[in-house]
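Structure data follow from coords-v5.txt (compact mmCIF, C-alpha atoms):
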```txt
# COMPACT_ATOMS: atom_id res chain seq x y z
CA ALA A 129 10.60 4.99 7.52
CA SER A 130 9.02 1.52 7.20
CA PRO A 131 9.43 -0.20 3.84
CA VAL A 132 6.41 -0.20 1.52
CA GLU A 133 6.09 -3.35 -0.58
CA ILE A 134 3.91 -3.12 -3.68
CA ARG A 135 2.95 -6.37 -5.45
CA GLY A 136 0.98 -6.51 -8.71
CA TYR A 137 -1.01 -9.42 -10.15
CA THR A 138 -3.12 -10.15 -13.24
CA ASP A 139 -5.81 -12.60 -14.30
CA SER A 140 -4.85 -15.54 -16.53
CA PHE A 141 -6.41 -14.34 -19.78
CA GLY A 142 -3.17 -13.12 -21.39
CA SER A 143 0.17 -14.77 -21.98
CA PRO A 144 2.31 -15.24 -18.86
CA GLN A 145 5.02 -12.95 -20.28
CA ALA A 146 2.57 -10.16 -21.12
CA ASP A 147 0.91 -10.51 -17.73
CA VAL A 148 4.20 -10.00 -15.89
CA LEU A 149 4.71 -6.77 -17.85
CA LEU A 150 1.13 -5.68 -17.08
CA SER A 151 1.52 -6.40 -13.38
CA ARG A 152 4.76 -4.40 -13.32
CA GLU A 153 2.94 -1.50 -15.01
CA ARG A 154 0.23 -1.63 -12.33
CA VAL A 155 2.88 -1.55 -9.63
CA ARG A 156 4.62 1.40 -11.30
CA SER A 157 1.34 3.35 -11.42
CA VAL A 158 0.68 2.78 -7.72
CA ALA A 159 4.30 3.60 -6.83
CA ASP A 160 4.11 6.84 -8.83
CA ALA A 161 0.93 7.84 -6.99
CA LEU A 162 2.51 7.12 -3.61
CA VAL A 163 5.59 9.18 -4.48
CA ALA A 164 3.36 12.02 -5.69
CA ASP A 165 1.64 11.89 -2.28
CA GLY A 166 4.95 12.24 -0.46
CA VAL A 167 6.16 8.67 0.15
CA ALA A 168 9.93 8.47 -0.36
CA ALA A 169 10.74 6.40 -3.45
CA SER A 170 13.62 4.79 -1.54
CA ARG A 171 11.06 3.10 0.78
CA LEU A 172 9.28 1.33 -2.09
CA VAL A 173 9.88 -2.33 -2.96
CA ARG A 174 8.15 -3.16 -6.26
CA THR A 175 7.30 -6.60 -7.63
CA GLY A 176 5.15 -7.64 -10.61
CA HIS A 177 4.05 -11.26 -10.28
CA GLY A 178 1.80 -11.63 -13.33
CA GLN A 179 -0.67 -14.50 -13.04
CA ALA A 180 -0.98 -15.84 -9.52
CA GLY A 181 -3.33 -17.63 -7.19
CA ALA A 182 -5.84 -20.44 -7.42
CA ASN A 183 -8.58 -18.14 -8.84
CA PRO A 184 -7.44 -17.02 -12.32
CA GLY A 185 -10.44 -14.75 -12.82
CA ILE A 186 -10.97 -11.02 -12.59
CA ALA A 187 -10.45 -11.08 -8.80
CA SER A 188 -6.78 -11.75 -9.50
CA ARG A 189 -6.38 -8.29 -11.05
CA ARG A 190 -4.99 -6.46 -8.06
CA VAL A 191 -2.20 -4.59 -6.36
CA GLU A 192 -1.31 -5.40 -2.75
CA ILE A 193 0.53 -2.96 -0.50
CA THR A 194 2.35 -3.94 2.68
CA VAL A 195 3.57 -1.17 4.98
CA GLY A 196 5.97 -2.26 7.69
CA GLY A 197 4.55 -5.79 7.67
CA HIS A 198 0.85 -4.76 7.60
CA SER A 199 -0.95 -5.75 4.40
CA CYS A 200 -3.51 -3.65 2.52
CA ALA A 201 -5.27 -4.54 -0.75
```
So that I can check it, write out the structure of this file as structure tokens.
Amino acid sequence: ASPVEIRGYTDSFGSPQADVLLSRERVRSVADALVADGVAASRLVRTGHGQAGANPGIASRRVEITVGGHSCA
């Protein structure tokens, strides 16, 4: 019953507004897959951050998942 936090990020090649939408879409895709695998949707906390971090390159394209305080990437 632990909460599952899903955070999405993008690189810095697009506009900040478009990148927030893209990161939210990434989060939605991961959340949909988790729900399809049996994770209760009510446990999911979803956040799209867009561009983030000191490295604006391809490595910034990611989704991070934290389950009950334990992070996974």
List as a VMD selection string: which residues have an atom within 12 Å of (0.4, 3.0, -10.6), counting all atoms listed in the file?
-> chain A and resid 134 to 136 150 to 164 174 176 190 to 193
Atom CA of Ser140 of chain A and atom CA of Ser188 of chain A are how many Å apart?
->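 Value for the atom CA of Ser140 of chain A-atom CA of Ser188 of chain A distance: 8.2 Å.
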Rounded to one decimal in Å, what is the spacing between atom CA of Gly166 of chain A and atom CA of Val195 of chain A?
->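 Computing the Euclidean distance for atom CA of Gly166 of chain A and atom CA of Val195 of chain A yields 14.5 Å.
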Segment 156-194 of chain A residues near segment 146-149 of chain A within 10 Å, closest pair each, using all atoms listed in the file, as CSV:
```
residue,atom,partner,partner_atom,distance
A:Thr175,CA,A:Val148,CA,9.5
A:Gly176,CA,A:Val148,CA,5.9
A:His177,CA,A:Val148,CA,5.8
A:Gly178,CA,A:Val148,CA,3.9
A:Gln179,CA,A:Asp147,CA,6.4
A:Ala180,CA,A:Asp147,CA,10.0
```
Between atom CA of Leu172 of chain A and atom CA of Tyr137 of chain A, measure the distance and give it in Å to one decimal.
-> 16.9 Å
